[in-house]
>>> print(open('work24.tsv').read())   # TSV, C-alpha atoms
chain	number	residue	atom	x	y	z
G	1	MET	CA	-29.46	68.30	30.67
G	2	VAL	CA	-31.92	65.60	29.88
G	3	GLY	CA	-32.37	66.90	26.35
G	4	SER	CA	-28.62	67.14	25.75
G	5	SER	CA	-28.21	63.53	26.69
G	6	VAL	CA	-30.38	62.30	23.82
G	7	PRO	CA	-28.05	63.00	20.84
G	8	ILE	CA	-25.06	61.66	22.78
G	9	SER	CA	-26.95	58.46	23.53
G	10	GLY	CA	-28.11	58.26	19.91
G	11	LYS	CA	-24.53	58.77	18.68
G	12	LYS	CA	-23.31	55.96	20.87
G	13	ASP	CA	-26.01	53.61	19.64
G	14	GLY	CA	-25.32	54.49	16.02
G	15	THR	CA	-21.58	54.06	16.47
G	16	SER	CA	-22.13	50.76	18.23
G	17	SER	CA	-24.40	49.58	15.40
G	18	ILE	CA	-21.88	50.60	12.73
G	19	LEU	CA	-19.03	48.90	14.59
G	20	SER	CA	-21.08	45.72	14.92
G	21	GLN	CA	-21.79	45.70	11.20
G	22	LYS	CA	-18.08	46.22	10.43
G	23	LYS	CA	-17.14	43.39	12.78
G	24	ARG	CA	-19.66	41.06	11.16
G	25	LYS	CA	-18.36	41.94	7.67
G	26	ARG	CA	-14.77	41.52	8.80
G	27	SER	CA	-15.62	38.22	10.44
G	28	SER	CA	-17.41	36.91	7.37
G	29	LYS	CA	-14.50	37.96	5.14
G	30	SER	CA	-11.93	36.30	7.41
G	31	SER	CA	-14.05	33.15	7.54
G	32	ALA	CA	-14.27	33.04	3.76
G	33	ALA	CA	-10.54	33.73	3.50
G	34	GLY	CA	-9.91	30.99	6.03
G	35	ARG	CA	-11.92	28.54	3.94
G	36	ASP	CA	-9.99	29.57	0.83
G	37	ASP	CA	-6.66	29.22	2.68
G	38	LYS	CA	-7.58	25.70	3.78
G	39	ARG	CA	-8.39	24.73	0.23
G	40	LEU	CA	-5.13	26.17	-1.04
G	41	SER	CA	-2.86	25.13	1.81
G	42	PRO	CA	-1.69	21.83	0.27
G	43	ALA	CA	-0.58	23.69	-2.86
G	44	LEU	CA	1.14	26.50	-0.96
G	45	LEU	CA	2.75	24.39	1.75
G	46	ASP	CA	6.08	22.63	1.32
G	47	LEU	CA	4.99	19.17	2.46
G	48	ASN	CA	8.56	18.24	3.42
G	49	VAL	CA	8.10	20.25	6.62
G	50	LEU	CA	5.50	17.65	7.64
G	51	ASP	CA	8.09	14.87	7.55
G	52	CYS	CA	10.22	13.82	10.50
G	53	PRO	CA	13.68	15.46	10.03
G	54	ILE	CA	15.35	12.29	11.34
G	55	CYS	CA	13.72	9.38	9.44
G	56	PHE	CA	12.06	11.55	6.72
G	57	GLU	CA	8.79	9.64	7.12
G	58	PRO	CA	5.50	11.60	7.37
G	59	PHE	CA	4.72	12.81	10.88
G	60	THR	CA	1.99	10.92	12.72
G	61	ILE	CA	0.44	11.74	16.08
G	62	PRO	CA	2.08	12.11	18.61
G	63	ILE	CA	4.88	14.47	17.60
G	64	PHE	CA	7.55	15.39	20.16
G	65	GLN	CA	9.94	18.28	20.59
G	66	CYS	CA	12.89	19.11	22.83
G	67	GLU	CA	13.04	22.36	24.84
G	68	ASN	CA	14.67	24.07	21.86
G	69	GLY	CA	11.77	23.10	19.60
G	70	HIS	CA	13.53	20.45	17.49
G	71	LEU	CA	10.98	17.90	16.33
G	72	ALA	CA	11.05	14.10	16.26
G	73	CYS	CA	8.43	11.46	15.54
G	74	SER	CA	7.33	8.91	18.12
G	75	SER	CA	9.24	6.15	16.31
G	76	CYS	CA	12.57	7.98	16.35
G	77	CYS	CA	12.54	9.08	20.00
G	78	PRO	CA	13.21	5.64	21.54
G	79	LYS	CA	15.78	4.85	18.84
G	80	LEU	CA	17.65	8.00	19.90
G	81	ASN	CA	17.33	7.11	23.60
G	82	ASN	CA	15.09	10.17	23.91
G	83	LYS	CA	18.02	12.47	23.16
G	84	CYS	CA	17.68	15.22	20.57
G	85	PRO	CA	20.26	14.64	17.79
G	86	THR	CA	20.48	18.38	17.11
G	87	CYS	CA	21.12	19.83	20.55
G	88	ALA	CA	21.41	16.72	22.81
G	89	LEU	CA	18.56	17.87	25.08
G	90	PRO	CA	15.98	15.32	26.24
G	91	THR	CA	13.10	14.66	23.86
G	92	GLY	CA	10.10	12.37	23.79
G	93	ARG	CA	8.22	14.00	26.68
G	94	ILE	CA	6.96	17.34	25.31
G	95	ARG	CA	4.25	17.12	22.64
G	96	CYS	CA	4.29	19.65	19.82
G	97	ARG	CA	0.57	20.33	19.65
G	98	ALA	CA	0.96	23.02	17.00
G	99	MET	CA	2.60	20.68	14.49
G	100	GLU	CA	0.11	17.95	15.36
G	101	GLY	CA	-2.67	20.37	14.48
G	102	VAL	CA	-1.02	21.25	11.17
G	103	VAL	CA	-0.53	17.59	10.23
G	104	GLU	CA	-4.16	16.80	11.03
G	105	SER	CA	-5.48	19.83	9.14
G	106	VAL	CA	-3.71	19.20	5.83
G	107	SER	CA	-5.92	16.94	3.73
G	108	LEU	CA	-4.67	15.40	0.50
G	109	PRO	CA	-6.05	12.94	-2.07
G	110	CYS	CA	-4.65	9.43	-2.10
G	111	PRO	CA	-1.61	9.05	-4.42
G	112	ASN	CA	-3.66	6.39	-6.22
G	113	ALA	CA	-6.44	8.85	-7.08
G	114	GLU	CA	-5.53	8.55	-10.77
G	115	TYR	CA	-6.34	4.83	-10.53
G	116	GLY	CA	-9.73	5.43	-8.93
G	117	CYS	CA	-9.18	5.83	-5.17
G	118	PRO	CA	-11.69	8.41	-3.85
G	119	GLU	CA	-10.12	8.87	-0.40
G	120	ASN	CA	-8.92	12.20	1.01
G	121	LEU	CA	-6.82	11.83	4.13
G	122	SER	CA	-4.78	13.86	6.56
G	123	TYR	CA	-1.10	13.97	5.67
G	124	GLY	CA	-0.08	11.80	8.62
G	125	LYS	CA	-2.40	8.97	7.54
G	126	LEU	CA	-1.59	9.11	3.83
G	127	SER	CA	1.42	6.76	3.88
G	128	THR	CA	-0.32	4.08	5.95
G	129	HIS	CA	-3.38	4.20	3.71
G	130	GLU	CA	-1.29	3.84	0.55
G	131	LYS	CA	0.79	0.91	1.87
G	132	GLU	CA	-1.77	-1.03	3.91
G	133	GLU	CA	-5.32	0.00	3.05
G	134	CYS	CA	-5.70	1.22	-0.53
G	135	GLU	CA	-7.14	-1.35	-2.95
G	136	PHE	CA	-6.23	0.82	-5.95
G	137	SER	CA	-2.44	0.45	-5.62
G	138	PRO	CA	-1.14	-0.15	-9.16
G	139	CYS	CA	0.13	-3.58	-10.22
G	140	SER	CA	2.54	-4.01	-13.14
G	141	CYS	CA	2.03	-6.53	-15.91
G	142	PRO	CA	4.69	-9.28	-15.62
G	143	GLU	CA	4.87	-9.88	-19.36
G	144	GLN	CA	7.98	-8.71	-21.18
G	145	ASP	CA	7.55	-5.69	-23.45
G	146	CYS	CA	4.28	-4.74	-21.72
G	147	ASP	CA	4.18	-1.55	-19.67
G	148	PHE	CA	0.59	-1.84	-18.43
G	149	THR	CA	0.09	-0.63	-14.86
G	150	GLY	CA	-3.19	-0.44	-12.99
G	151	PRO	CA	-5.29	-1.73	-10.07
G	152	TYR	CA	-5.31	-5.51	-9.63
G	153	LYS	CA	-8.83	-5.82	-11.05
G	154	ASP	CA	-7.77	-3.96	-14.19
G	155	LEU	CA	-4.66	-6.12	-14.53
G	156	TYR	CA	-6.88	-9.21	-14.34
G	157	ARG	CA	-9.05	-7.87	-17.16
G	158	HIS	CA	-5.95	-6.74	-19.08
G	159	TYR	CA	-4.79	-10.35	-19.32
G	160	ASP	CA	-8.15	-11.43	-20.66
G	161	SER	CA	-8.37	-8.68	-23.29
G	162	THR	CA	-4.77	-8.81	-24.54
G	163	GLU	CA	-4.42	-11.52	-27.18
G	164	THR	CA	-0.68	-12.02	-26.73
G	165	HIS	CA	-1.25	-12.58	-22.98
G	166	ASN	CA	-4.34	-14.80	-22.88
G	167	GLU	CA	-2.71	-17.33	-25.20
G	168	ARG	CA	-0.11	-18.06	-22.53
G	169	PHE	CA	-1.99	-18.13	-19.22
G	170	GLY	CA	-4.13	-20.99	-17.91
G	171	TRP	CA	-7.21	-21.07	-15.74
G	172	PHE	CA	-7.77	-22.63	-12.33
G	173	ILE	CA	-10.66	-23.05	-9.91
G	174	CYS	CA	-10.17	-22.32	-6.21
G	175	GLY	CA	-10.32	-25.47	-4.11
G	176	GLU	CA	-9.50	-27.74	-7.05
G	177	PRO	CA	-5.91	-28.94	-7.71
G	178	PHE	CA	-4.33	-28.11	-11.07
G	179	THR	CA	-1.09	-29.22	-12.67
G	180	ALA	CA	1.67	-26.78	-13.58
G	181	HIS	CA	4.62	-27.78	-15.79
G	182	MET	CA	7.70	-25.61	-15.55
G	183	ASN	CA	11.04	-25.90	-17.27
G	184	VAL	CA	13.64	-24.89	-14.71
G	185	SER	CA	16.05	-23.72	-17.41
G	186	ASP	CA	13.63	-21.66	-19.49
G	187	ASP	CA	10.36	-20.95	-17.63
G	188	LYS	CA	11.01	-18.50	-14.81
G	189	ILE	CA	7.37	-17.56	-14.38
G	190	LEU	CA	3.96	-19.08	-15.07
G	191	ILE	CA	0.79	-16.96	-14.94
G	192	LYS	CA	-2.56	-18.48	-13.94
G	193	ARG	CA	-5.95	-16.81	-13.75
G	194	GLY	CA	-8.79	-17.71	-11.36
G	195	CYS	CA	-12.22	-18.59	-12.71
G	196	THR	CA	-14.37	-17.82	-9.69
G	197	PHE	CA	-12.47	-14.87	-8.22
G	198	ILE	CA	-10.53	-11.89	-9.54
G	199	LEU	CA	-7.20	-13.58	-8.86
G	200	LEU	CA	-4.06	-13.50	-10.99
G	201	ILE	CA	-1.18	-15.63	-9.68
G	202	ALA	CA	2.47	-16.04	-10.63
G	203	VAL	CA	4.33	-19.32	-10.09
G	204	GLN	CA	8.10	-18.85	-10.17
G	205	CYS	CA	11.09	-21.17	-9.91
G	206	PHE	CA	14.75	-20.38	-9.22
G	207	ARG	CA	17.62	-22.84	-9.60
G	208	GLU	CA	20.25	-22.34	-6.91
G	209	PRO	CA	23.20	-24.46	-5.68
G	210	CYS	CA	21.11	-25.93	-2.86
G	211	GLY	CA	18.12	-26.82	-5.05
G	212	VAL	CA	15.15	-25.34	-6.88
G	213	TYR	CA	13.03	-22.69	-5.13
G	214	VAL	CA	9.34	-22.60	-6.06
G	215	THR	CA	7.14	-19.75	-4.92
G	216	LEU	CA	3.60	-18.56	-5.64
G	217	SER	CA	2.31	-14.99	-5.41
G	218	CYS	CA	-0.81	-13.08	-6.41
G	219	PHE	CA	-1.05	-9.62	-7.91
G	220	ALA	CA	-2.92	-7.62	-5.29
G	221	PRO	CA	-2.36	-4.76	-2.81
G	222	HIS	CA	-2.12	-5.22	0.95
G	223	SER	CA	-5.67	-4.05	1.50
G	224	PRO	CA	-8.16	-5.65	3.91
G	225	LYS	CA	-10.77	-5.27	1.16
G	226	VAL	CA	-8.94	-7.83	-1.01
G	227	ARG	CA	-9.67	-11.54	-0.54
G	228	GLU	CA	-6.97	-13.74	0.97
G	229	PHE	CA	-5.94	-17.23	-0.09
G	230	SER	CA	-3.73	-20.12	0.97
G	231	TYR	CA	-2.06	-22.71	-1.25
G	232	ASP	CA	-0.51	-26.19	-1.30
G	233	ILE	CA	2.21	-27.37	-3.69
G	234	THR	CA	2.91	-31.08	-4.20
G	235	TYR	CA	5.95	-32.29	-6.07
G	236	ALA	CA	6.39	-35.97	-6.90
G	237	THR	CA	8.99	-37.85	-8.93
G	238	GLU	CA	8.29	-40.85	-11.15
G	239	ASP	CA	10.35	-43.07	-8.86
G	240	GLY	CA	8.10	-42.46	-5.86
G	241	TYR	CA	9.60	-39.52	-3.97
G	242	SER	CA	7.28	-36.65	-3.04
G	243	MET	CA	7.15	-33.53	-0.94
G	244	ILE	CA	4.40	-31.08	0.03
G	245	TYR	CA	4.57	-27.41	0.92
G	246	LYS	CA	1.63	-25.68	2.58
G	247	SER	CA	1.49	-21.91	2.79
G	248	PRO	CA	-1.02	-20.27	5.16
G	249	LYS	CA	-1.29	-17.22	2.89
G	250	VAL	CA	-0.59	-16.38	-0.72
G	251	LYS	CA	1.97	-13.58	-0.83
G	252	ARG	CA	0.67	-10.37	-2.40
G	253	ILE	CA	2.84	-8.45	-4.84
G	254	LEU	CA	2.49	-5.36	-7.02
G	255	GLU	CA	5.14	-6.51	-9.47
G	256	VAL	CA	7.18	-9.66	-9.98
G	257	CYS	CA	10.63	-9.99	-8.47
G	258	PHE	CA	13.20	-12.19	-10.18
G	259	GLU	CA	15.37	-12.64	-7.10
G	260	THR	CA	15.52	-15.83	-5.05
G	261	PRO	CA	12.76	-15.64	-2.40
G	262	GLN	CA	13.66	-15.29	1.26
G	263	ASP	CA	10.38	-16.64	2.60
G	264	ASN	CA	7.17	-18.39	1.55
G	265	PHE	CA	8.75	-20.95	-0.80
G	266	MET	CA	9.20	-24.68	-1.47
G	267	LEU	CA	12.79	-25.87	-1.79
G	268	ILE	CA	13.27	-29.00	-3.93
G	269	PRO	CA	16.74	-30.53	-3.37
G	270	HIS	CA	18.71	-31.27	-6.51
G	271	CYS	CA	18.69	-34.97	-5.62
G	272	LEU	CA	14.91	-34.97	-6.25
G	273	VAL	CA	15.01	-32.97	-9.49
G	274	ARG	CA	14.74	-35.19	-12.55
G	275	GLY	CA	15.99	-33.16	-15.49
G	276	ASP	CA	14.73	-29.64	-16.19
G	277	LEU	CA	11.00	-30.32	-16.12
G	278	LEU	CA	9.05	-29.83	-12.90
G	279	LYS	CA	5.55	-31.23	-12.59
G	280	LEU	CA	3.75	-29.45	-9.74
G	281	GLU	CA	0.28	-30.00	-8.37
G	282	ILE	CA	-1.11	-26.78	-6.90
G	283	CYS	CA	-4.29	-26.09	-4.98
G	284	ILE	CA	-5.39	-22.58	-3.99
G	285	ASN	CA	-8.04	-22.12	-1.32
G	286	GLU	CA	-9.93	-19.03	-0.17
G	287	LEU	CA	-9.40	-18.10	3.45
G	288	ASN	CA	-12.45	-17.37	5.57
G	289	GLN	CA	-13.12	-13.64	5.62
G	290	GLU	CA	-14.03	-12.35	9.08
>>> encode(input="work24.tsv", output="structure tokens")
Amino acid sequence: MVGSSVPISGKKDGTSSILSQKKRKRSSKSSAAGRDDKRLSPALLDLNVLDCPICFEPFTIPIFQCENGHLACSSCCPKLNNKCPTCALPTGRIRCRAMEGVVESVSLPCPNAEYGCPENLSYGKLSTHEKEECEFSPCSCPEQDCDFTGPYKDLYRHYDSTETHNERFGWFICGEPFTAHMNVSDDKILIKRGCTFILLIAVQCFREPCGVYVTLSCFAPHSPKVREFSYDITYATEDGYSMIYKSPKVKRILEVCFETPQDNFMLIPHCLVRGDLLKLEICINELNQE
């Protein structure tokens, strides 16, 4: 009996060893496949499923669902009074952890990767990064018949290297006032380039029934990595009237807009406009960076 137990015991050990080896091989294969799937998932996945079906914006954490599984983002729930628009059941209380995990696991390059951004982010953070954080957001050249588009630093250099552009723009030094002459009838935009900082500004004027709007913007993305500036505009007439506009921040733009501004502007009443020529004194100052 003792002797007969030996081969049985040996068979069990051998079988156990073989099964362990198979499990390890299977595990290593599944792990490798898992790594491959993760790398391929952005290409194989329809990214529209990661957008809120109500506002069509990318899902961000937290994500909610009703009892029937219909999804809604945290921004839409209060707007819908926490009522599912599909089935009318309550929503905004139950988290969809599975979708949250999917959103966090899908990693994509920044849309501005072609312009030099090295960031890879989860799908839910991609939109915020592009709109508020990325310093590589492309800016468009404001000159007519020029289709250059690139990061604000490249646009700055583009103006310097393009002969037809650099003949028209003037220089300024931050902290020192400079004079800008604009013809209200002809000159809709004036480009100035900073000497001490990578700063390209656009001064624009718009004649409207209530007066002449004057606004100043800089070509730059809304990134905390980009320096911020303030500006003052002084307008004075030859017969002694004057007005001053102080802006706490220079507005950042990616391309010029030729519509009358709704904010951040100086309004010169027609009674103070002497002909078509405006003589403006402008001073741009760097804001303290925390």
>>> closest_residue(input="work24.tsv", among="G:Phe265, G:Tyr231, G:Phe258, G:Phe56", to="Phe178 in chain G", atoms="only C-alpha atoms")
G:Tyr231
>>> residues_around(input="work24.tsv", residues="range 134-140 of chain G", least_positions_apart="6", cutoff="6 Å", atoms="only C-alpha atoms", output="ChimeraX atom specification")
/G:117,149-152,221,223,254-255
>>> write_last_selection(input="work24.tsv", atoms="C-alpha atoms", output="short mmCIF file (atom, residue, chain, number, x, y, z; two decimals), in the coordinates of the input")
data_model
loop_
_atom_site.label_atom_id
_atom_site.label_comp_id
_atom_site.auth_asym_id
_atom_site.auth_seq_id
_atom_site.Cartn_x
_atom_site.Cartn_y
_atom_site.Cartn_z
CA CYS G 117 -9.18 5.83 -5.17
CA THR G 149 0.09 -0.63 -14.86
CA GLY G 150 -3.19 -0.44 -12.99
CA PRO G 151 -5.29 -1.73 -10.07
CA TYR G 152 -5.31 -5.51 -9.63
CA PRO G 221 -2.36 -4.76 -2.81
CA SER G 223 -5.67 -4.05 1.50
CA LEU G 254 2.49 -5.36 -7.02
CA GLU G 255 5.14 -6.51 -9.47
#
>>> closest_residue(input="work24.tsv", among="G:Cys76, G:Gly170, G:Thr60, G:Asn112", to="Gly124 in chain G", atoms="all atoms listed in the file")
G:Thr60
>>> closest_atom_pairs(input="work24.tsv", of="range 70-179 of chain G", to="range 272-287 of chain G", cutoff="10 Å", atoms="all atoms listed in the file", output="tab-separated table")
residue	atom	partner	partner_atom	distance
G:Phe172	CA	G:Ile284	CA	8.7
G:Ile173	CA	G:Ile284	CA	7.9
G:Cys174	CA	G:Ile284	CA	5.3
G:Gly175	CA	G:Asn285	CA	4.9
G:Glu176	CA	G:Cys283	CA	5.8
G:Pro177	CA	G:Cys283	CA	4.3
G:Phe178	CA	G:Ile282	CA	5.4
G:Thr179	CA	G:Glu281	CA	4.6
>>> atom_distance(input="work24.tsv", atom1="CA of Val212 in chain G", atom2="CA of His165 in chain G")
26.3 Å
>>> residues_around(input="work24.tsv", residues="Pro261 in chain G", least_positions_apart="6", cutoff="9 Å", atoms="all atoms listed in the file", output="list of chain:residue names")
G:Phe206, G:Tyr213, G:Val214, G:Thr215
>>> axis_aligned_box(input="work24.tsv", around="range 178-196 of chain G", padding_each_side="4 Å", output="JSON")
{"center_x": 0.8, "center_y": -23.0, "center_z": -14.6, "size_x": 38.4, "size_y": 20.4, "size_z": 17.8}
>>> closest_residue(input="work24.tsv", among="G:Ile189, G:Val184, G:Asp154, G:Glu132", to="Arg252 in chain G", atoms="only C-alpha atoms")
G:Glu132
>>> closest_residue(input="work24.tsv", among="G:Met99, G:Leu126, G:Met182, G:Cys195", to="Glu57 in chain G", atoms="all atoms listed in the file")
G:Leu126
>>> residues_around(input="work24.tsv", residues="Met243 in chain G", least_positions_apart="6", cutoff="8 Å", atoms="only C-alpha atoms", output="PyMOL selection string")
chain G and resi 234-236
>>> write_last_selection(input="work24.tsv", atoms="C-alpha atoms", output="PDB file, keeping the file's coordinate frame")
ATOM      1  CA  THR G 234       2.910 -31.080  -4.200  1.00  0.00           C
ATOM      2  CA  TYR G 235       5.950 -32.290  -6.070  1.00  0.00           C
ATOM      3  CA  ALA G 236       6.390 -35.970  -6.900  1.00  0.00           C
TER       4      ALA G 236
END
>>> atom_distance(input="work24.tsv", atom1="CA of Leu190 in chain G", atom2="CA of Glu238 in chain G")
22.5 Å
>>> atom_distance(input="work24.tsv", atom1="CA of Lys125 in chain G", atom2="CA of Leu47 in chain G")
13.6 Å
>>> residues_around(input="work24.tsv", residues="Ile94 in chain G", least_positions_apart="6", cutoff="12 Å", atoms="all atoms listed in the file", output="number ranges by chain")
G: 62-74, 77, 82, 84
>>> closest_residue(input="work24.tsv", among="G:Cys52, G:Leu200, G:Cys205, G:Val256", to="Lys188 in chain G", atoms="only C-alpha atoms")
G:Cys205
>>> closest_residue(input="work24.tsv", among="G:Tyr159, G:Ser217, G:Cys87, G:Asn183", to="Asp263 in chain G", atoms="all atoms listed in the file")
G:Ser217
>>> decode(input="work24.tsv", residues="range 153-175 of chain G", atoms="N, CA and C atoms", output="PDB file, in the first residue's frame")
ATOM      1  N   LYS G 153       4.852  81.702 -29.743  1.00  0.00           N
ATOM      2  CA  LYS G 153       6.271  82.015 -29.891  1.00  0.00           C
ATOM      3  C   LYS G 153       6.690  81.946 -31.359  1.00  0.00           C
ATOM      4  N   ASP G 154       6.137  80.982 -32.083  1.00  0.00           N
ATOM      5  CA  ASP G 154       6.452  80.865 -33.501  1.00  0.00           C
ATOM      6  C   ASP G 154       5.833  82.006 -34.299  1.00  0.00           C
ATOM      7  N   LEU G 155       4.634  82.445 -33.903  1.00  0.00           N
ATOM      8  CA  LEU G 155       4.003  83.577 -34.581  1.00  0.00           C
ATOM      9  C   LEU G 155       4.826  84.842 -34.381  1.00  0.00           C
ATOM     10  N   TYR G 156       5.367  85.005 -33.191  1.00  0.00           N
ATOM     11  CA  TYR G 156       6.229  86.152 -32.890  1.00  0.00           C
ATOM     12  C   TYR G 156       7.452  86.161 -33.825  1.00  0.00           C
ATOM     13  N   ARG G 157       8.076  85.002 -33.969  1.00  0.00           N
ATOM     14  CA  ARG G 157       9.243  84.895 -34.841  1.00  0.00           C
ATOM     15  C   ARG G 157       8.843  85.019 -36.306  1.00  0.00           C
ATOM     16  N   HIS G 158       7.652  84.542 -36.633  1.00  0.00           N
ATOM     17  CA  HIS G 158       7.137  84.629 -38.008  1.00  0.00           C
ATOM     18  C   HIS G 158       7.074  86.082 -38.461  1.00  0.00           C
ATOM     19  N   TYR G 159       6.632  86.964 -37.572  1.00  0.00           N
ATOM     20  CA  TYR G 159       6.553  88.382 -37.922  1.00  0.00           C
ATOM     21  C   TYR G 159       7.930  88.971 -38.178  1.00  0.00           C
ATOM     22  N   ASP G 160       8.899  88.511 -37.422  1.00  0.00           N
ATOM     23  CA  ASP G 160      10.251  89.040 -37.574  1.00  0.00           C
ATOM     24  C   ASP G 160      10.915  88.554 -38.854  1.00  0.00           C
ATOM     25  N   SER G 161      10.597  87.340 -39.275  1.00  0.00           N
ATOM     26  CA  SER G 161      11.283  86.726 -40.415  1.00  0.00           C
ATOM     27  C   SER G 161      10.567  86.946 -41.742  1.00  0.00           C
ATOM     28  N   THR G 162       9.322  87.451 -41.691  1.00  0.00           N
ATOM     29  CA  THR G 162       8.574  87.674 -42.929  1.00  0.00           C
ATOM     30  C   THR G 162       8.682  89.137 -43.325  1.00  0.00           C
ATOM     31  N   GLU G 163       9.319  89.387 -44.452  1.00  0.00           N
ATOM     32  CA  GLU G 163       9.635  90.770 -44.856  1.00  0.00           C
ATOM     33  C   GLU G 163       8.392  91.625 -45.016  1.00  0.00           C
ATOM     34  N   THR G 164       7.335  91.061 -45.602  1.00  0.00           N
ATOM     35  CA  THR G 164       6.121  91.850 -45.821  1.00  0.00           C
ATOM     36  C   THR G 164       5.421  92.200 -44.514  1.00  0.00           C
ATOM     37  N   HIS G 165       5.728  91.456 -43.431  1.00  0.00           N
ATOM     38  CA  HIS G 165       5.121  91.735 -42.127  1.00  0.00           C
ATOM     39  C   HIS G 165       5.948  92.740 -41.337  1.00  0.00           C
ATOM     40  N   ASN G 166       7.268  92.502 -41.257  1.00  0.00           N
ATOM     41  CA  ASN G 166       8.079  93.323 -40.354  1.00  0.00           C
ATOM     42  C   ASN G 166       8.227  94.762 -40.826  1.00  0.00           C
ATOM     43  N   GLU G 167       7.831  95.040 -42.075  1.00  0.00           N
ATOM     44  CA  GLU G 167       7.840  96.425 -42.535  1.00  0.00           C
ATOM     45  C   GLU G 167       6.703  97.226 -41.920  1.00  0.00           C
ATOM     46  N   ARG G 168       5.658  96.516 -41.476  1.00  0.00           N
ATOM     47  CA  ARG G 168       4.446  97.191 -41.015  1.00  0.00           C
ATOM     48  C   ARG G 168       4.341  97.295 -39.497  1.00  0.00           C
ATOM     49  N   PHE G 169       4.947  96.377 -38.756  1.00  0.00           N
ATOM     50  CA  PHE G 169       4.760  96.433 -37.304  1.00  0.00           C
ATOM     51  C   PHE G 169       5.814  97.308 -36.649  1.00  0.00           C
ATOM     52  N   GLY G 170       5.482  97.833 -35.462  1.00  0.00           N
ATOM     53  CA  GLY G 170       6.415  98.633 -34.688  1.00  0.00           C
ATOM     54  C   GLY G 170       6.781  97.921 -33.407  1.00  0.00           C
ATOM     55  N   TRP G 171       7.811  98.429 -32.756  1.00  0.00           N
ATOM     56  CA  TRP G 171       8.292  97.843 -31.515  1.00  0.00           C
ATOM     57  C   TRP G 171       7.813  98.660 -30.317  1.00  0.00           C
ATOM     58  N   PHE G 172       7.789  98.026 -29.156  1.00  0.00           N
ATOM     59  CA  PHE G 172       7.524  98.743 -27.918  1.00  0.00           C
ATOM     60  C   PHE G 172       8.286  98.062 -26.785  1.00  0.00           C
ATOM     61  N   ILE G 173       8.493  98.800 -25.714  1.00  0.00           N
ATOM     62  CA  ILE G 173       9.159  98.281 -24.521  1.00  0.00           C
ATOM     63  C   ILE G 173       8.158  98.300 -23.374  1.00  0.00           C
ATOM     64  N   CYS G 174       8.025  97.162 -22.679  1.00  0.00           N
ATOM     65  CA  CYS G 174       7.088  97.101 -21.558  1.00  0.00           C
ATOM     66  C   CYS G 174       7.461  98.131 -20.492  1.00  0.00           C
ATOM     67  N   GLY G 175       6.442  98.815 -19.989  1.00  0.00           N
ATOM     68  CA  GLY G 175       6.658  99.819 -18.958  1.00  0.00           C
ATOM     69  C   GLY G 175       6.922 101.205 -19.502  1.00  0.00           C
TER      70      GLY G 175
END
